[in-house]
Amino acid sequence: KPAFGSLFEEYVRGYSHWGYCDLEMVVGNLPFFLQRDELMSQDIVSYSYGDAESLHLRPQWTLHRNQPSVNVLWRRCAHLTKDLLREIALKVSQLRQSEGVNKKAARFVGSDGDGCYAKSALEAQLRVKIVPKQAAGLEVPSTHHALLVGGAVWHCGAEATVDDTLLHEMLARSSPQRCRIDLPAVQQARGEMQPVQVLAEGCSKWMSTEHRMCVQDVARLSRNRQDELALFMRDGAVFAQVVDSSALLLGDSCRQVA
């Protein structure tokens, strides 16, 4: 995926941005979440899902400015260049070994591509923003609700009562949302960006310590449900800024997501 800008150069020529996403996704009212100032001021924008402590580019949704310095970033990761054939062989071997094995119990060991890619962006001093705009199902079976109402996707906690009242409230919130050419912000920044410490412990255990980047003291920075953290890379350093997500919330446990 990180190589798409190079591999499909002839197809993205003339476009300001290109991006990638996963296949097993439900996309909601995406234009409502696209933000013009993010696209104009960042080289890469990635949507996180409440896991602000982990500094990596999410495979579910990441957008790139279409320019050479960004499009060749993938070349810094060995698993996408000189070690590519070894990487493919390792994953094929793991898939074969997992046949007939409980998929929940299976553990696939390979490169931590998302982490390598993010660390490469940091080292290249690109301008990156990782902002909480999506939701992910991390449990099977899930203890949460995912609802598609009026073209919008909502993520609700297990305690939510899904009835006609809730569905009508969701429809009333999402139906006036139109695609606007100015792409206004759906989340408002609060305060200034603050430098944060990043260590190799405290998040993303599936990733090797070589590429693992964990933001410290997240709880202190984000204290309320509506206050979430956006992470930034600037000049090789990492910063955090609180964003107000109250416009996305409904009741005590539901949130509209991209």
# chains A, B, ... in the order shown; residues from 1 in each chain; ligands from 1

$ residues_around --residues "range 148-164 of chain A" --least-positions-apart "3" --cutoff "10 Å" --atoms "only C-alpha atoms" --output "mmCIF file with C-alpha atoms, in the first residue's frame"
data_model
loop_
_atom_site.group_PDB
_atom_site.id
_atom_site.type_symbol
_atom_site.label_atom_id
_atom_site.label_comp_id
_atom_site.auth_asym_id
_atom_site.auth_seq_id
_atom_site.Cartn_x
_atom_site.Cartn_y
_atom_site.Cartn_z
ATOM 1 C CA VAL A 26 -17.668 -0.062 5.937
ATOM 2 C CA VAL A 27 -17.234 3.552 4.852
ATOM 3 C CA GLY A 28 -19.705 6.125 6.124
ATOM 4 C CA ASN A 29 -20.141 9.788 5.220
ATOM 5 C CA LEU A 30 -16.474 10.221 4.402
ATOM 6 C CA PHE A 32 -18.054 14.941 6.236
ATOM 7 C CA GLN A 134 -12.597 5.920 12.596
ATOM 8 C CA ALA A 135 -13.678 2.933 14.666
ATOM 9 C CA ALA A 136 -12.311 -0.607 14.645
ATOM 10 C CA GLY A 137 -13.722 -3.904 15.818
ATOM 11 C CA SER A 142 -17.906 -7.804 19.304
ATOM 12 C CA THR A 143 -19.348 -6.237 22.446
ATOM 13 C CA HIS A 144 -20.180 -3.032 20.536
ATOM 14 C CA HIS A 145 -22.744 -1.966 17.951
ATOM 15 C CA LEU A 167 -32.152 5.375 14.912
ATOM 16 C CA HIS A 168 -34.311 8.469 14.348
ATOM 17 C CA GLU A 169 -31.864 10.588 16.358
ATOM 18 C CA MET A 170 -28.990 9.307 14.232
ATOM 19 C CA LEU A 171 -30.881 9.995 11.032
ATOM 20 C CA ALA A 172 -31.730 13.515 12.185
ATOM 21 C CA ARG A 173 -28.040 14.173 12.863
ATOM 22 C CA SER A 174 -26.633 12.682 9.673
ATOM 23 C CA SER A 175 -29.244 13.628 7.045
ATOM 24 C CA PRO A 176 -28.340 17.389 6.969
ATOM 25 C CA GLN A 177 -24.649 16.544 6.403
ATOM 26 C CA LEU A 248 -19.598 13.497 16.564
ATOM 27 C CA LEU A 249 -21.127 12.260 19.827
ATOM 28 C CA LEU A 250 -24.692 11.137 20.437
ATOM 29 C CA GLY A 251 -25.866 10.275 23.919
ATOM 30 C CA ASP A 252 -23.516 8.577 26.353
ATOM 31 C CA SER A 253 -22.020 5.895 24.146
ATOM 32 C CA CYS A 254 -22.519 6.545 20.405
ATOM 33 C CA ARG A 255 -20.124 8.272 18.042
ATOM 34 C CA GLN A 256 -20.253 8.950 14.329
ATOM 35 C CA VAL A 257 -17.142 7.708 12.517
ATOM 36 C CA ALA A 258 -15.759 7.903 9.013
#

$ residues_around --residues "Arg65 in chain A" --least-positions-apart "4" --cutoff "8 Å" --atoms "only C-alpha atoms" --output "ChimeraX atom specification"
/A:16-18,39,42-44,70

$ write_last_selection --atoms "N, CA, C and O atoms" --output "CSV table (one decimal), in the first residue's frame"
chain,number,residue,atom,x,y,z
A,16,SER,N,-4.1,15.9,-6.5
A,16,SER,CA,-3.3,16.5,-5.3
A,16,SER,C,-2.9,15.4,-4.3
A,16,SER,O,-1.9,15.6,-3.6
A,17,HIS,N,-3.7,14.4,-4.1
A,17,HIS,CA,-3.5,13.4,-3.1
A,17,HIS,C,-3.8,12.0,-3.6
A,17,HIS,O,-4.6,11.8,-4.6
A,18,TRP,N,-3.3,11.0,-2.9
A,18,TRP,CA,-3.7,9.6,-3.1
A,18,TRP,C,-3.7,8.9,-1.8
A,18,TRP,O,-3.1,9.5,-0.8
A,39,LEU,N,-5.6,18.6,4.6
A,39,LEU,CA,-5.0,18.2,3.3
A,39,LEU,C,-4.0,19.3,2.8
A,39,LEU,O,-3.0,18.9,2.2
A,42,GLN,N,-0.7,19.2,5.7
A,42,GLN,CA,0.0,17.9,6.0
A,42,GLN,C,0.5,17.2,4.8
A,42,GLN,O,-0.1,17.3,3.7
A,43,ASP,N,1.6,16.4,4.9
A,43,ASP,CA,2.0,15.6,3.9
A,43,ASP,C,1.3,14.2,3.9
A,43,ASP,O,1.0,13.6,2.9
A,44,ILE,N,1.0,13.8,5.1
A,44,ILE,CA,0.3,12.5,5.3
A,44,ILE,C,-0.8,12.7,6.4
A,44,ILE,O,-0.5,13.3,7.5
A,70,VAL,N,7.1,12.4,-0.9
A,70,VAL,CA,6.2,11.5,-0.1
A,70,VAL,C,6.0,10.2,-0.8
A,70,VAL,O,6.0,9.1,-0.1

$ select_by_dssp --residues "range 6-231 of chain A" --states "alpha helix (DSSP H)" --output "PyMOL selection string"
chain A and resi 6-7+9-12+30-33+36-41+68-71+84-97+113-123+164-174+218-221

$ closest_residue --among "A:Phe232, A:Asp182, A:Gln67, A:Arg225" --to "Gly14 in chain A" --atoms "only C-alpha atoms"
A:Gln67

$ residues_around --residues "Ala124 in chain A" --least-positions-apart "4" --cutoff "9 Å" --atoms "only C-alpha atoms" --output "number ranges by chain"
A: 69, 73, 119-120, 235-236

$ write_last_selection --atoms "N, CA, C and O atoms" --output "mmCIF file, in the first residue's frame"
data_model
loop_
_atom_site.group_PDB
_atom_site.id
_atom_site.type_symbol
_atom_site.label_atom_id
_atom_site.label_comp_id
_atom_site.auth_asym_id
_atom_site.auth_seq_id
_atom_site.Cartn_x
_atom_site.Cartn_y
_atom_site.Cartn_z
ATOM 1 N N SER A 69 8.739 13.421 -2.836
ATOM 2 C CA SER A 69 9.347 13.159 -1.527
ATOM 3 C C SER A 69 8.458 12.301 -0.642
ATOM 4 O O SER A 69 8.940 11.577 0.241
ATOM 5 N N LEU A 73 8.643 7.416 0.020
ATOM 6 C CA LEU A 73 8.945 7.156 1.432
ATOM 7 C C LEU A 73 9.070 5.656 1.711
ATOM 8 O O LEU A 73 9.893 5.225 2.520
ATOM 9 N N LYS A 119 7.847 5.526 11.179
ATOM 10 C CA LYS A 119 9.173 5.957 11.637
ATOM 11 C C LYS A 119 9.959 6.584 10.492
ATOM 12 O O LYS A 119 10.710 7.543 10.683
ATOM 13 N N SER A 120 9.777 6.055 9.287
ATOM 14 C CA SER A 120 10.439 6.631 8.122
ATOM 15 C C SER A 120 9.932 8.045 7.862
ATOM 16 O O SER A 120 10.708 8.936 7.503
ATOM 17 N N ASP A 235 9.290 18.287 11.844
ATOM 18 C CA ASP A 235 10.744 18.449 11.909
ATOM 19 C C ASP A 235 11.406 17.358 12.742
ATOM 20 O O ASP A 235 12.326 17.621 13.522
ATOM 21 N N GLY A 236 10.907 16.136 12.614
ATOM 22 C CA GLY A 236 11.510 15.008 13.315
ATOM 23 C C GLY A 236 11.100 14.867 14.759
ATOM 24 O O GLY A 236 11.619 14.013 15.469
#

$ select_by_dssp --residues "range 30-165 of chain A" --states "strand (DSSP E or B)" --output "MDAnalysis selection string"
chainID A and resid 44:48 54 61:65 128:132 145:149 152:156

$ decode --residues "range 237-248 of chain A" --atoms "all heavy atoms" --output "mmCIF file, in the first residue's frame"
data_model
loop_
_atom_site.group_PDB
_atom_site.id
_atom_site.type_symbol
_atom_site.label_atom_id
_atom_site.label_comp_id
_atom_site.auth_asym_id
_atom_site.auth_seq_id
_atom_site.Cartn_x
_atom_site.Cartn_y
_atom_site.Cartn_z
ATOM 1 N N ALA A 237 10.149 15.679 15.223
ATOM 2 C CA ALA A 237 9.659 15.600 16.603
ATOM 3 C C ALA A 237 8.163 15.281 16.581
ATOM 4 O O ALA A 237 7.493 15.419 15.554
ATOM 5 C CB ALA A 237 9.907 16.906 17.342
ATOM 6 N N VAL A 238 7.646 14.844 17.748
ATOM 7 C CA VAL A 238 6.243 14.440 17.855
ATOM 8 C C VAL A 238 5.506 15.379 18.808
ATOM 9 O O VAL A 238 6.018 15.722 19.882
ATOM 10 C CB VAL A 238 6.116 12.988 18.344
ATOM 11 C CG1 VAL A 238 4.650 12.576 18.455
ATOM 12 C CG2 VAL A 238 6.855 12.044 17.393
ATOM 13 N N PHE A 239 4.303 15.776 18.427
ATOM 14 C CA PHE A 239 3.485 16.681 19.218
ATOM 15 C C PHE A 239 2.066 16.113 19.332
ATOM 16 O O PHE A 239 1.639 15.305 18.510
ATOM 17 C CB PHE A 239 3.426 18.067 18.574
ATOM 18 C CG PHE A 239 4.756 18.735 18.415
ATOM 19 C CD1 PHE A 239 5.571 18.440 17.332
ATOM 20 C CD2 PHE A 239 5.198 19.655 19.353
ATOM 21 C CE1 PHE A 239 6.807 19.050 17.188
ATOM 22 C CE2 PHE A 239 6.434 20.269 19.219
ATOM 23 C CZ PHE A 239 7.246 19.966 18.121
ATOM 24 N N ALA A 240 1.355 16.564 20.353
ATOM 25 C CA ALA A 240 -0.044 16.171 20.542
ATOM 26 C C ALA A 240 -0.887 17.427 20.717
ATOM 27 O O ALA A 240 -0.423 18.439 21.243
ATOM 28 C CB ALA A 240 -0.193 15.264 21.754
ATOM 29 N N GLN A 241 -2.129 17.345 20.260
ATOM 30 C CA GLN A 241 -3.070 18.449 20.419
ATOM 31 C C GLN A 241 -4.454 17.878 20.664
ATOM 32 O O GLN A 241 -4.860 16.918 20.011
ATOM 33 C CB GLN A 241 -3.083 19.339 19.181
ATOM 34 C CG GLN A 241 -3.957 20.579 19.318
ATOM 35 C CD GLN A 241 -3.894 21.455 18.078
ATOM 36 O OE1 GLN A 241 -3.851 20.959 16.953
ATOM 37 N NE2 GLN A 241 -3.866 22.763 18.279
ATOM 38 N N VAL A 242 -5.164 18.453 21.612
ATOM 39 C CA VAL A 242 -6.516 18.013 21.906
ATOM 40 C C VAL A 242 -7.458 18.516 20.819
ATOM 41 O O VAL A 242 -7.375 19.672 20.401
ATOM 42 C CB VAL A 242 -6.975 18.534 23.284
ATOM 43 C CG1 VAL A 242 -8.457 18.228 23.518
ATOM 44 C CG2 VAL A 242 -6.138 17.919 24.395
ATOM 45 N N VAL A 243 -8.340 17.622 20.347
ATOM 46 C CA VAL A 243 -9.381 18.027 19.401
ATOM 47 C C VAL A 243 -10.739 17.725 20.029
ATOM 48 O O VAL A 243 -10.927 16.703 20.682
ATOM 49 C CB VAL A 243 -9.246 17.303 18.047
ATOM 50 C CG1 VAL A 243 -8.004 17.767 17.319
ATOM 51 C CG2 VAL A 243 -9.226 15.792 18.209
ATOM 52 N N ASP A 244 -11.657 18.639 19.849
ATOM 53 C CA ASP A 244 -13.006 18.515 20.406
ATOM 54 C C ASP A 244 -13.868 17.706 19.437
ATOM 55 O O ASP A 244 -14.176 18.152 18.336
ATOM 56 C CB ASP A 244 -13.592 19.908 20.623
ATOM 57 C CG ASP A 244 -14.986 19.867 21.245
ATOM 58 O OD1 ASP A 244 -15.508 18.753 21.465
ATOM 59 O OD2 ASP A 244 -15.540 20.947 21.514
ATOM 60 N N SER A 245 -14.272 16.508 19.851
ATOM 61 C CA SER A 245 -15.081 15.623 19.011
ATOM 62 C C SER A 245 -16.546 15.624 19.401
ATOM 63 O O SER A 245 -17.297 14.722 19.016
ATOM 64 C CB SER A 245 -14.530 14.187 19.090
ATOM 65 O OG SER A 245 -13.241 14.106 18.564
ATOM 66 N N SER A 246 -16.989 16.641 20.155
ATOM 67 C CA SER A 246 -18.366 16.657 20.656
ATOM 68 C C SER A 246 -19.390 16.661 19.523
ATOM 69 O O SER A 246 -20.509 16.155 19.690
ATOM 70 C CB SER A 246 -18.586 17.865 21.574
ATOM 71 O OG SER A 246 -18.288 19.080 20.908
ATOM 72 N N ALA A 247 -19.055 17.210 18.346
ATOM 73 C CA ALA A 247 -19.995 17.239 17.224
ATOM 74 C C ALA A 247 -20.269 15.849 16.675
ATOM 75 O O ALA A 247 -21.228 15.654 15.921
ATOM 76 C CB ALA A 247 -19.450 18.133 16.112
ATOM 77 N N LEU A 248 -19.441 14.868 17.054
ATOM 78 C CA LEU A 248 -19.598 13.497 16.564
ATOM 79 C C LEU A 248 -20.325 12.600 17.557
ATOM 80 O O LEU A 248 -20.652 11.456 17.223
ATOM 81 C CB LEU A 248 -18.222 12.887 16.265
ATOM 82 C CG LEU A 248 -17.346 13.652 15.276
ATOM 83 C CD1 LEU A 248 -15.967 13.007 15.202
ATOM 84 C CD2 LEU A 248 -18.004 13.693 13.900
#
